[in-house]
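Trainee: My structure is stored as input26.cif, with mmCIF, C-alpha atoms.
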data_work
#
loop_
_atom_site.label_atom_id
_atom_site.label_comp_id
_atom_site.auth_asym_id
_atom_site.auth_seq_id
_atom_site.Cartn_x
_atom_site.Cartn_y
_atom_site.Cartn_z
CA MET A 11 42.27 -22.47 5.28
CA GLN A 12 44.03 -19.25 6.21
CA ARG A 13 46.38 -19.59 3.24
CA LEU A 14 43.44 -19.87 0.82
CA ARG A 15 41.74 -16.82 2.30
CA ASN A 16 44.97 -14.87 1.99
CA LEU A 17 44.70 -15.21 -1.79
CA TRP A 18 41.88 -12.65 -1.63
CA ARG A 19 43.83 -10.13 0.41
CA ARG A 20 45.39 -7.07 -1.12
CA PRO A 21 48.16 -4.98 0.43
CA ALA A 22 46.95 -2.94 3.37
CA LEU A 23 45.57 0.43 2.33
CA PRO A 24 45.66 3.57 4.43
CA HIS A 25 42.26 3.88 6.11
CA PHE A 26 42.24 7.47 7.24
CA PHE A 27 38.77 8.03 5.80
CA SER A 28 35.83 7.83 8.21
CA ALA A 29 38.05 6.40 10.92
CA PRO A 30 36.38 5.05 14.06
CA VAL A 31 36.94 6.98 17.25
CA GLN A 32 37.09 5.63 20.79
CA THR A 33 34.32 6.70 23.15
CA ARG A 34 34.34 6.70 26.94
CA ARG A 35 32.60 3.35 27.04
CA THR A 36 35.26 1.85 24.73
CA THR A 37 32.72 1.30 21.94
CA MET A 38 33.61 2.35 18.41
CA ALA A 39 31.79 5.39 17.01
CA PHE A 40 32.14 6.73 13.48
CA ALA A 41 31.81 10.08 11.80
CA THR A 42 29.44 8.71 9.17
CA GLN A 43 29.86 10.21 5.70
CA VAL A 44 27.33 10.02 2.88
CA LEU A 45 29.09 9.95 -0.49
CA LYS A 46 27.12 10.55 -3.69
CA CYS A 47 27.51 8.05 -6.51
CA SER A 48 26.16 8.39 -10.04
CA ALA A 49 24.94 5.01 -11.25
CA THR A 50 24.64 6.32 -14.79
CA SER A 51 28.36 7.11 -14.87
CA ILE A 52 29.23 3.42 -14.44
CA SER A 53 29.41 0.91 -17.26
CA PHE A 54 31.00 -2.52 -17.56
CA ASP A 55 33.47 -3.92 -20.07
CA VAL A 56 32.76 -7.61 -19.54
CA ASP A 57 33.21 -7.71 -15.73
CA GLN A 58 35.39 -4.62 -15.25
CA PRO A 59 33.73 -1.31 -14.32
CA LYS A 60 34.35 1.90 -16.24
CA ILE A 61 33.54 4.97 -14.14
CA ALA A 62 33.19 8.30 -15.95
CA SER A 63 32.50 10.45 -12.88
CA PRO A 64 35.60 11.37 -10.81
CA GLU A 65 33.39 11.96 -7.77
CA THR A 66 31.85 8.49 -8.07
CA LEU A 67 35.25 6.86 -8.63
CA GLU A 68 36.68 8.53 -5.52
CA ALA A 69 33.66 7.47 -3.43
CA LEU A 70 33.97 3.87 -4.60
CA GLN A 71 37.72 3.82 -3.94
CA ARG A 72 37.21 5.15 -0.44
CA ALA A 73 34.52 2.57 0.21
CA SER A 74 36.82 -0.19 -1.06
CA GLU A 75 39.53 0.99 1.33
CA GLN A 76 37.05 0.83 4.20
CA LEU A 77 36.18 -2.75 3.25
CA HIS A 78 39.84 -3.75 3.17
CA ALA A 79 40.30 -2.12 6.58
CA HIS A 80 37.71 -4.71 7.71
CA GLN A 81 35.04 -2.05 8.29
CA THR A 82 31.45 -2.08 7.05
CA VAL A 83 30.14 0.07 4.19
CA ALA A 84 26.51 0.74 3.21
CA PHE A 85 25.78 0.76 -0.50
CA PRO A 86 22.77 0.66 -2.82
CA THR A 87 21.63 -2.44 -4.64
CA GLU A 88 18.66 -2.81 -6.95
CA THR A 89 16.76 -4.45 -4.06
CA VAL A 90 17.58 -2.54 -0.83
CA TYR A 91 20.64 -0.84 0.65
CA GLY A 92 23.17 -3.38 1.91
CA LEU A 93 25.62 -3.32 4.82
CA GLY A 94 28.75 -4.81 3.31
CA ALA A 95 31.93 -6.39 4.62
CA LEU A 96 34.55 -8.66 3.07
CA ALA A 97 32.84 -12.05 3.02
CA LEU A 98 35.97 -14.17 3.45
CA GLU A 99 37.30 -12.30 6.50
CA PRO A 100 35.55 -13.48 9.69
CA ASP A 101 36.49 -10.43 11.75
CA ALA A 102 35.11 -8.13 9.05
CA VAL A 103 31.89 -10.15 8.82
CA SER A 104 31.50 -10.04 12.60
CA ARG A 105 31.13 -6.26 12.32
CA ILE A 106 27.96 -6.78 10.28
CA TYR A 107 26.42 -8.76 13.11
CA SER A 108 27.48 -6.28 15.80
CA THR A 109 26.42 -3.21 13.78
CA LYS A 110 22.96 -4.62 13.06
CA GLY A 111 22.46 -6.53 16.31
CA ARG A 112 21.88 -9.57 14.12
CA PRO A 113 21.41 -13.06 15.62
CA PRO A 114 24.47 -15.24 14.89
CA ASP A 115 22.40 -18.12 13.47
CA ASN A 116 21.01 -15.92 10.70
CA PRO A 117 23.22 -16.56 7.63
CA LEU A 118 24.37 -13.93 5.14
CA ILE A 119 24.23 -13.63 1.37
CA VAL A 120 27.55 -13.32 -0.46
CA HIS A 121 27.61 -10.83 -3.35
CA VAL A 122 29.93 -11.29 -6.33
CA SER A 123 30.66 -9.10 -9.33
CA SER A 124 31.41 -11.83 -11.86
CA ARG A 125 31.06 -15.51 -12.63
CA ASP A 126 34.79 -15.94 -12.07
CA MET A 127 34.43 -14.56 -8.53
CA LEU A 128 31.60 -17.05 -7.92
CA LEU A 129 33.68 -20.01 -9.11
CA ARG A 130 36.56 -19.08 -6.84
CA ILE A 131 34.44 -19.59 -3.71
CA LEU A 132 32.75 -22.85 -4.74
CA PRO A 133 34.14 -26.33 -3.96
CA GLN A 134 36.89 -27.44 -6.31
CA GLY A 135 35.48 -29.43 -9.21
CA TYR A 136 31.87 -28.40 -8.54
CA VAL A 137 29.82 -28.34 -11.74
CA ILE A 138 26.97 -25.84 -11.91
CA SER A 139 23.72 -27.53 -12.93
CA LYS A 140 21.92 -26.82 -16.19
CA THR A 141 19.02 -25.37 -14.18
CA TYR A 142 21.30 -22.92 -12.36
CA GLU A 143 23.04 -21.99 -15.61
CA VAL A 144 19.66 -21.03 -17.08
CA LEU A 145 18.69 -18.99 -14.02
CA MET A 146 22.05 -17.20 -13.93
CA LYS A 147 21.83 -16.39 -17.63
CA ARG A 148 18.30 -15.02 -17.22
CA PHE A 149 18.50 -13.22 -13.88
CA TRP A 150 22.14 -12.37 -13.14
CA PRO A 151 23.07 -9.67 -12.55
CA GLY A 152 19.80 -9.16 -10.70
CA PRO A 153 17.67 -9.82 -7.61
CA LEU A 154 18.07 -13.62 -7.50
CA THR A 155 20.04 -15.46 -4.82
CA LEU A 156 21.02 -19.09 -5.37
CA LEU A 157 22.13 -21.66 -2.82
CA PHE A 158 25.40 -23.43 -3.62
CA PRO A 159 27.42 -26.05 -1.73
CA THR A 160 29.84 -24.16 0.49
CA ASN A 161 33.60 -24.56 0.50
CA PRO A 162 34.44 -24.34 4.22
CA SER A 163 38.13 -23.93 3.45
CA ILE A 164 37.31 -20.58 1.83
CA VAL A 165 33.90 -19.41 3.08
CA PRO A 166 33.96 -18.88 6.89
CA SER A 167 31.24 -20.50 8.98
CA ILE A 168 30.10 -17.10 10.26
CA ILE A 169 28.68 -16.50 6.75
CA THR A 170 26.76 -19.78 6.52
CA ALA A 171 25.80 -20.15 10.21
CA ASN A 172 27.46 -23.60 9.97
CA GLN A 173 25.12 -24.74 7.20
CA PRO A 174 26.43 -26.83 4.26
CA THR A 175 25.30 -24.23 1.70
CA VAL A 176 26.17 -20.65 0.92
CA ALA A 177 23.75 -18.12 -0.62
CA VAL A 178 25.21 -16.09 -3.50
CA ARG A 179 23.97 -13.43 -5.87
CA MET A 180 25.33 -10.93 -8.39
CA PRO A 181 23.67 -7.51 -7.94
CA SER A 182 22.71 -5.50 -11.01
CA HIS A 183 22.95 -2.05 -9.42
CA PRO A 184 26.04 -0.45 -11.03
CA VAL A 185 27.29 1.02 -7.74
CA ALA A 186 27.08 -2.31 -5.92
CA ARG A 187 28.71 -4.32 -8.68
CA ALA A 188 31.44 -1.72 -9.24
CA LEU A 189 32.27 -1.61 -5.53
CA ILE A 190 32.65 -5.40 -5.37
CA ALA A 191 34.77 -5.40 -8.54
CA LEU A 192 37.04 -2.62 -7.24
CA ALA A 193 37.41 -4.40 -3.90
CA ASP A 194 38.24 -7.54 -5.91
CA ALA A 195 36.62 -9.72 -3.26
CA PRO A 196 33.18 -11.17 -2.45
CA VAL A 197 31.12 -8.95 -0.15
CA ALA A 198 28.61 -10.18 2.41
CA ALA A 199 25.73 -7.74 2.68
CA PRO A 200 22.41 -8.04 4.49
CA SER A 201 20.11 -5.01 4.54
CA ALA A 202 21.70 -1.91 6.09
CA ASN A 203 19.39 -1.52 9.07
CA SER A 204 19.09 -2.52 12.69
CA SER A 205 18.01 -6.15 12.85
CA GLY A 206 14.23 -6.55 12.71
CA LYS A 207 13.53 -3.09 11.27
CA PRO A 208 12.25 -2.30 7.74
CA SER A 209 14.94 -2.55 5.10
CA PRO A 210 16.27 0.79 3.79
CA THR A 211 15.62 1.79 0.19
CA ARG A 212 17.26 5.23 0.38
CA ALA A 213 20.56 6.47 1.79
CA GLU A 214 18.74 8.67 4.30
CA HIS A 215 17.02 5.57 5.72
CA VAL A 216 20.45 4.10 6.47
CA LEU A 217 21.73 7.36 7.96
CA ASN A 218 18.71 7.75 10.23
CA ASP A 219 19.16 4.23 11.59
CA LEU A 220 22.91 3.55 11.63
CA GLN A 221 24.56 6.97 11.91
CA GLY A 222 27.70 6.66 14.03
CA LYS A 223 27.88 2.88 13.52
CA LEU A 224 29.67 2.89 10.17
CA GLY A 225 32.01 5.17 8.27
CA ILE A 226 30.64 5.42 4.73
CA ILE A 227 27.22 5.30 3.09
CA LEU A 228 27.27 5.33 -0.70
CA ASP A 229 24.21 7.23 -1.94
CA GLY A 230 23.13 5.87 -5.30
CA GLY A 231 19.54 7.08 -5.09
CA PRO A 232 16.39 5.06 -4.32
CA CYS A 233 16.38 1.32 -4.95
CA GLY A 234 14.48 0.18 -8.01
CA VAL A 235 13.01 -3.09 -6.71
CA GLY A 236 12.45 -2.08 -3.09
CA LEU A 237 12.35 -5.61 -1.60
CA GLU A 238 15.14 -8.11 -1.00
CA SER A 239 16.19 -10.73 -3.54
CA THR A 240 14.38 -13.98 -4.22
CA VAL A 241 16.25 -16.90 -2.64
CA VAL A 242 16.12 -20.24 -4.48
CA ASP A 243 17.37 -23.68 -3.43
CA GLY A 244 17.86 -25.90 -6.47
CA LEU A 245 20.16 -28.41 -4.79
CA GLN A 246 17.61 -30.99 -3.62
CA PRO A 247 17.62 -34.49 -5.19
CA ASP A 248 14.23 -34.03 -6.91
CA GLY A 249 15.62 -31.11 -8.96
CA ASN A 250 12.76 -28.77 -8.07
CA LEU A 251 13.30 -25.08 -7.38
CA ARG A 252 12.35 -24.18 -3.82
CA VAL A 253 11.67 -20.50 -3.20
CA LEU A 254 12.84 -19.96 0.36
CA ARG A 255 12.16 -16.22 0.26
CA PRO A 256 10.11 -14.50 -2.46
CA GLY A 257 11.56 -11.27 -3.81
CA GLY A 258 12.43 -9.28 -6.91
CA VAL A 259 12.34 -12.28 -9.28
CA THR A 260 8.78 -13.59 -9.20
CA VAL A 261 7.57 -17.19 -9.11
CA GLU A 262 6.04 -16.55 -12.52
CA ASP A 263 9.48 -15.45 -13.82
CA LEU A 264 11.05 -18.68 -12.55
CA GLU A 265 8.28 -20.84 -14.01
CA ARG A 266 8.66 -19.10 -17.37
CA ALA A 267 12.40 -19.72 -17.37
CA ALA A 268 11.89 -23.41 -16.64
CA GLU A 269 9.19 -23.71 -19.29
CA GLU A 270 11.13 -21.95 -22.04
CA ASP A 271 14.78 -22.82 -21.37
CA LEU A 272 14.79 -26.27 -19.75
CA THR A 273 12.91 -28.17 -22.45
CA ASP A 274 15.74 -30.67 -22.93
CA LEU A 275 15.67 -31.94 -19.34
CA GLU A 276 14.01 -35.31 -18.76
CA TYR A 277 12.28 -33.88 -15.71
CA LYS A 278 11.29 -30.21 -15.81
CA PRO A 279 11.72 -28.66 -12.34
CA ARG A 280 8.69 -27.36 -10.50
CA VAL A 281 8.76 -24.07 -8.59
CA LEU A 282 7.71 -24.60 -4.97
CA VAL A 283 7.20 -21.77 -2.50
CA HIS A 284 8.10 -22.39 1.14
CA ARG A 285 5.04 -22.34 3.44
CA ARG A 286 2.71 -22.14 0.43
CA ASP A 287 3.54 -25.38 -1.39
CA TYR A 288 5.57 -27.22 1.26
CA ARG A 289 6.82 -27.01 4.84
CA ASP A 290 10.30 -27.73 6.18
CA GLU A 291 10.54 -27.53 9.95
CA ALA A 292 14.28 -28.21 9.96
CA ILE A 293 15.11 -25.28 7.72
CA GLU A 294 12.84 -23.00 9.73
CA GLN A 295 14.76 -23.82 12.91
CA ALA A 296 18.20 -23.69 11.26
CA PRO A 297 17.75 -21.44 8.20
CA THR A 298 20.08 -21.61 5.22
CA THR A 299 19.21 -18.10 4.12
CA PRO A 300 18.11 -14.79 5.69
CA GLY A 301 14.51 -13.84 6.35
CA MET A 302 13.15 -17.25 7.37
CA LYS A 303 13.33 -17.53 11.16
CA TYR A 304 12.99 -14.17 12.85
CA ARG A 305 10.40 -11.42 12.84
CA HIS A 306 11.52 -8.77 10.37
CA TYR A 307 10.67 -5.45 8.83
CA SER A 308 8.90 -3.98 11.87
CA PRO A 309 8.88 -0.20 12.45
CA ASN A 310 8.80 1.34 15.92
CA VAL A 311 5.01 1.33 16.15
CA PRO A 312 2.45 -1.52 15.93
CA VAL A 313 1.52 -2.76 12.46
CA THR A 314 -1.83 -4.40 11.68
CA LEU A 315 -2.51 -6.27 8.45
CA LEU A 316 -6.08 -5.73 7.20
CA LEU A 317 -7.24 -8.73 5.19
CA THR A 318 -9.88 -7.39 2.83
CA GLN A 319 -9.63 -9.92 -0.01
CA SER A 320 -8.62 -13.38 1.22
CA GLU A 321 -11.23 -15.64 2.78
CA PRO A 322 -11.12 -15.91 6.59
CA PRO A 323 -10.61 -19.36 8.09
CA ASN A 324 -13.61 -21.39 9.23
CA GLY A 325 -15.14 -19.93 12.36
CA THR A 326 -13.70 -16.44 11.80
CA GLN A 327 -16.04 -13.60 10.88
CA ARG A 328 -15.02 -10.39 9.17
CA MET A 329 -14.92 -7.44 11.55
CA PRO A 330 -16.93 -4.35 10.58
CA LEU A 331 -14.63 -1.43 9.77
CA GLN A 332 -16.21 0.78 12.43
CA THR A 333 -15.58 -1.86 15.10
CA PHE A 334 -11.91 -1.96 14.11
CA VAL A 335 -11.66 1.84 14.21
CA ASP A 336 -13.29 1.92 17.65
CA GLY A 337 -10.73 -0.59 18.84
CA LEU A 338 -7.91 1.63 17.59
CA LYS A 339 -9.32 4.59 19.48
CA ALA A 340 -9.66 2.53 22.63
CA SER A 341 -5.96 1.68 22.44
CA ALA A 342 -4.92 5.35 22.55
CA THR A 343 -2.92 6.26 25.66
CA GLU A 344 -2.83 10.04 25.21
CA ARG A 345 -5.57 12.66 25.06
CA ARG A 346 -5.03 13.73 21.50
CA PRO A 347 -6.12 12.53 18.07
CA LEU A 348 -4.64 9.11 17.27
CA ARG A 349 -2.29 9.32 14.26
CA VAL A 350 -2.71 6.22 12.09
CA GLY A 351 -0.67 5.53 8.98
CA VAL A 352 -2.47 3.80 6.11
CA LEU A 353 -0.54 1.77 3.53
CA CYS A 354 -2.84 0.53 0.79
CA PRO A 355 -3.20 0.56 -3.00
CA SER A 356 -3.88 4.01 -4.43
CA ASP A 357 -7.15 2.80 -5.98
CA SER A 358 -8.37 1.06 -2.82
CA LEU A 359 -11.68 2.03 -1.22
CA LEU A 360 -10.21 1.77 2.28
CA PRO A 361 -8.85 5.33 2.73
CA VAL A 362 -12.04 6.80 1.29
CA LYS A 363 -14.19 4.91 3.79
CA LEU A 364 -11.87 5.78 6.68
CA SER A 365 -11.77 9.51 5.97
CA SER A 366 -15.53 9.68 5.30
CA ARG A 367 -16.18 9.04 8.96
CA ASN A 368 -14.86 12.52 9.90
CA ASP A 369 -13.76 11.19 13.27
CA PRO A 370 -12.04 13.97 15.30
CA ASP A 371 -10.26 11.37 17.43
CA ILE A 372 -8.22 9.91 14.55
CA GLU A 373 -5.91 11.51 11.99
CA TRP A 374 -5.33 9.27 8.95
CA ILE A 375 -1.96 9.65 7.18
CA ASN A 376 -2.15 7.94 3.78
CA GLN A 377 0.87 6.42 2.05
CA PRO A 378 -0.32 5.00 -1.31
CA LEU A 379 1.29 1.77 -2.51
CA GLY A 380 0.43 2.30 -6.17
CA PRO A 381 -2.27 0.73 -8.37
CA ILE A 382 -3.76 -2.65 -7.45
CA ALA A 383 -2.79 -3.96 -10.89
CA GLU A 384 0.90 -3.07 -10.44
CA PRO A 385 2.32 -5.05 -7.50
CA ALA A 386 5.87 -4.12 -8.56
CA VAL A 387 5.08 -0.54 -7.54
CA SER A 388 3.78 -1.76 -4.18
CA ALA A 389 7.04 -3.68 -3.71
CA GLN A 390 9.08 -0.58 -4.44
CA ARG A 391 7.06 1.56 -2.02
CA LEU A 392 6.47 -0.81 0.91
CA PHE A 393 9.59 -0.28 3.03
CA ASP A 394 9.82 3.39 2.10
CA GLY A 395 6.21 3.77 3.23
CA LEU A 396 6.77 2.02 6.56
CA LEU A 397 9.87 4.11 7.27
CA SER A 398 8.20 7.35 6.17
CA LEU A 399 5.23 6.77 8.46
CA ASP A 400 7.59 5.86 11.28
CA GLY A 401 9.46 9.09 10.61
CA VAL A 402 6.38 11.29 11.01
CA LYS A 403 5.64 9.65 14.38
CA VAL A 404 2.36 7.88 13.73
CA ASP A 405 0.96 5.82 16.59
CA HIS A 406 -0.12 2.83 14.52
CA ILE A 407 0.21 1.59 10.94
CA ILE A 408 -2.39 -0.42 9.05
CA VAL A 409 -1.53 -2.20 5.79
CA GLU A 410 -4.16 -3.52 3.42
CA GLU A 411 -3.40 -6.85 1.79
CA ILE A 412 -2.81 -7.19 -1.93
CA GLN A 413 -3.13 -10.26 -4.14
CA GLU A 414 -0.24 -12.71 -3.69
CA GLU A 415 0.61 -12.77 -7.39
CA ARG A 416 3.83 -11.66 -9.11
CA GLU A 417 5.62 -9.18 -6.79
CA GLY A 418 2.58 -9.26 -4.51
CA LEU A 419 3.79 -12.59 -3.09
CA ALA A 420 6.98 -10.91 -1.81
CA VAL A 421 5.06 -7.86 -0.57
CA MET A 422 2.73 -9.99 1.52
CA ASN A 423 5.63 -12.10 2.80
CA ARG A 424 7.21 -8.93 4.23
CA VAL A 425 3.94 -7.47 5.55
CA ARG A 426 3.07 -10.68 7.40
CA LYS A 427 6.47 -10.63 9.11
CA ALA A 428 6.11 -6.94 10.02
CA ALA A 429 2.56 -7.15 11.36
CA GLY A 430 1.88 -7.99 14.96
CA ASP A 431 -1.79 -8.61 14.23
CA ASN A 432 -3.95 -9.77 11.32
CA VAL A 433 -7.62 -8.73 11.08
CA TRP A 434 -10.17 -9.88 8.52
CA ILE A 435 -12.07 -6.68 7.84
CA GLU A 436 -15.33 -5.82 6.11
CA VAL A 437 -14.88 -2.73 3.95
#
What would the structure in this file look like if it were written as structure tokens?
Mentor:
Amino acid sequence: MQRLRNLWRRPALPHFFSAPVQTRRTTMAFATQVLKCSATSISFDVDQPKIASPETLEALQRASEQLHAHQTVAFPTETVYGLGALALEPDAVSRIYSTKGRPPDNPLIVHVSSRDMLLRILPQGYVISKTYEVLMKRFWPGPLTLLFPTNPSIVPSIITANQPTVAVRMPSHPVARALIALADAPVAAPSANSSGKPSPTRAEHVLNDLQGKLGIILDGGPCGVGLESTVVDGLQPDGNLRVLRPGGVTVEDLERAAEEDLTDLEYKPRVLVHRRDYRDEAIEQAPTTPGMKYRHYSPNVPVTLLLTQSEPPNGTQRMPLQTFVDGLKASATERRPLRVGVLCPSDSLLPVKLSSRNDPDIEWINQPLGPIAEPAVSAQRLFDGLLSLDGVKVDHIIVEEIQEEREGLAVMNRVRKAAGDNVWIEV
């Protein structure tokens, strides 16, 4: 096993950049540096990056050196910022868990820069299915993660949490893909935040959360998608595609791919969404992919999901808006106006009705999620909105539901995990 992993190692590089320093309590602290990267200066010749900006090239080289020194590096992807480490080096991967405070039974996604890099970590002789070939052609590079059989002689168990599968994707963000290509090794990378907190979509989000815990943050600007990748399991005997975590590739995208590109299969795979179309208690207790078991995406203040569109269950009545507002005021612990953040579509009636009350005991801070008809905008703004409201020290955050269609399915998946309370409200 060790011999196979050594194939990925390069000669040791000097790691004098962003070196960790010893503190009195013998913990490792870093002088965190934020290095600018120009995504537009990066292009690819087949799978090899061409980098026109000397500043970007130097930043990527320094980040690669940090990775090969078995340190973590934060970098942008099209989904969220990732906290990366060499995926095939257990001691490097362990730094991801310690930096984030991540539970050890929560597996990681492995990021590759090319098909060749993918094949080198799969079991010898494994043949990629026609379905996966179609999905990879359509959505790679991009925000789609696929489950593959793991090769335990190459992929360490700390990556898979001792599961028989490994989650892999090829990011489309030029900075992410170029970094992996320059490092010439697969990179494990969950979101670059303390475990359980909202995922970062800007370099400053990472800095505010993890400063002193890592050496380098590559700043490639805001993330385009804003939510993590879609995770798909297509390995089950029935051939169906199981969406374990909705994300940047929508269910409708997957269904379209199956409808248009898998016409020659005797049985066309269905797209099934976990907890919507089926349940799997075993996978919920021992997840094969991130984002399934633990509460996630929660800021430092309480979050309440306001259900204004979906029908309440039998026996549940919608609460009048004024009753909900009175309850918020009653929860205040200080003699000052309660500061409440409001995340809702920009064309929603909710902020208008809240502000029309002219209540001196509550200050409403609005963070629009974009038009109701454009859930992709809501996806891009969700985590940034949660972190922004957290940053201005609101006391409470309320999020209005959106339709669970297209990117809205992923938005609501994240909001439900972030919210400590759900209230059916009458607006």
Trainee: Set the distance at 12 Å and use only C-alpha atoms: which residues neighbour A:Pro370 once local chain neighbours fewer than 4 positions away are removed? I'd like the list as a list in words.
Mentor: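 In the requested form, the answer reads Lys339, Arg345, Arg346, Pro347, Leu348, Arg349, Leu364, Ser365, Ser366 and Trp374 of chain A.
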Trainee: Starting from the displayed file, determine the output of the PyMOL selection byres ((chain A and resi 285) around 12) and express the residue list as a PyMOL selection string.
Mentor: chain A and resi 252-256+282-284+286-291+293-294+302+419+423
Trainee: Env of stretch 49-61 of chain A: 7 Å cut, atoms = all atoms listed in the file, seq-sep filter 5 positions within chain, self excluded. Answer as number ranges by chain.
Mentor: A: 67, 124, 184-185, 188, 191, 230
Trainee: Find the residues around A:Met180 up to 6 Å (all atoms listed in the file counted), leave out those fewer than 2 positions away in its own chain, and share them as a list of chain:residue names.
Mentor: A:His121, A:Val122, A:Ser123, A:Trp150, A:Pro151
Trainee: What does the distance between atom CA of A:Tyr107 and atom CA of A:Val216 come to in Å, to one decimal place?
Mentor: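 Computed distance, atom CA of A:Tyr107 to atom CA of A:Val216, equals 15.7 Å.
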Trainee: Please indicate the distance in Å from atom CA of A:Val176 to atom CA of A:Ile131, rounded to one decimal place.
Mentor: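 Separating atom CA of A:Val176 from atom CA of A:Ile131 is a distance of 9.5 Å.
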Trainee: Can you list what the PyMOL selection byres ((chain A and resi 205) around 7) grabs from this structure, as a PyMOL selection string?
Mentor: chain A and resi 110-112+203-204+206-207
Trainee: Return the single residue from A:Ser139, A:Ser201, A:Ser74, A:Ser104 that is closest to A:Gly92, with distances computed using all atoms listed in the file.
Mentor: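 Nearest candidate to A:Gly92 out of A:Ser139, A:Ser201, A:Ser74, A:Ser104: A:Ser201.
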Trainee: Kindly indicate which residue among A:Ser163, A:Gln413, A:Thr87, A:Gln71 lies nearest to A:Leu317, using only C-alpha atoms for the distances.
Mentor: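 Selected residue with least distance to A:Leu317: A:Gln413.
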Trainee: List the residues selected by the PyMOL selection byres ((chain A and resi 429) around 10) in the file shown, writing them as a list of chain:residue names.
Mentor: A:Arg305, A:His306, A:Tyr307, A:Ser308, A:Pro309, A:Pro312, A:Val313, A:Thr314, A:Leu315, A:Leu316, A:Ile407, A:Ile408, A:Val409, A:Arg424, A:Val425, A:Arg426, A:Lys427, A:Ala428, A:Gly430, A:Asp431, A:Asn432
Trainee: Taking into account all atoms listed in the file, which residue in the set A:Asp248, A:Pro323, A:Ile226, A:Gln173 is nearest to A:Glu276?
Mentor: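 So, comparing all the options, the nearest one is A:Asp248.
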Trainee: Would you compute the distance between atom CA of A:Leu96 and atom CA of A:His183? Give it in Å to one decimal.
Mentor: 18.3 Å
Trainee: So, counting all atoms listed in the file, which residue among A:Pro200, A:Pro162, A:Phe85, A:Phe334 is closest to A:Leu118?
Mentor: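 Checking each candidate against A:Leu118, we get A:Pro200 as the closest.
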Trainee: Give as a list in words each residue that has an atom at most 6 Å from (13.7, -0.8, 1.2) in the file, counting all atoms listed in the file.
Mentor: Val90, Ser209, Pro210, Thr211, Gly236, Leu237, Phe393 and Asp394 of chain A
Trainee: So that all listed atoms of stretch 102-105 of chain A fit with 4 Å spare on each side, what axis-aligned box centre and edge lengths in Å, to one decimal, would you give as lines of an AutoDock Vina configuration file?
Mentor:
center_x = 33.1
center_y = -8.2
center_z = 10.7
size_x = 12.0
size_y = 11.9
size_z = 11.8
Trainee: Name the residues within 12 Å of (26.1, -23.0, 6.7), counting only C-alpha atoms in the file's coordinates, and put them as a PyMOL selection string.
Mentor: chain A and resi 114-119+157-162+165-177+293+296-300
Trainee: Pick the closest to A:Arg105 from A:Leu217, A:Ala69, A:Val259, A:Ala198: which is it, counting all atoms listed in the file?
Mentor: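 With all atoms listed in the file as the atom set, the closest residue is A:Ala198.
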Trainee: Just want the 10 Å neighbourhood of A:Glu262, counted on all atoms listed in the file, with same-chain residues fewer than 5 positions away dropped. Output as a ChimeraX atom specification.
Mentor: /A:267-268,281,415-417
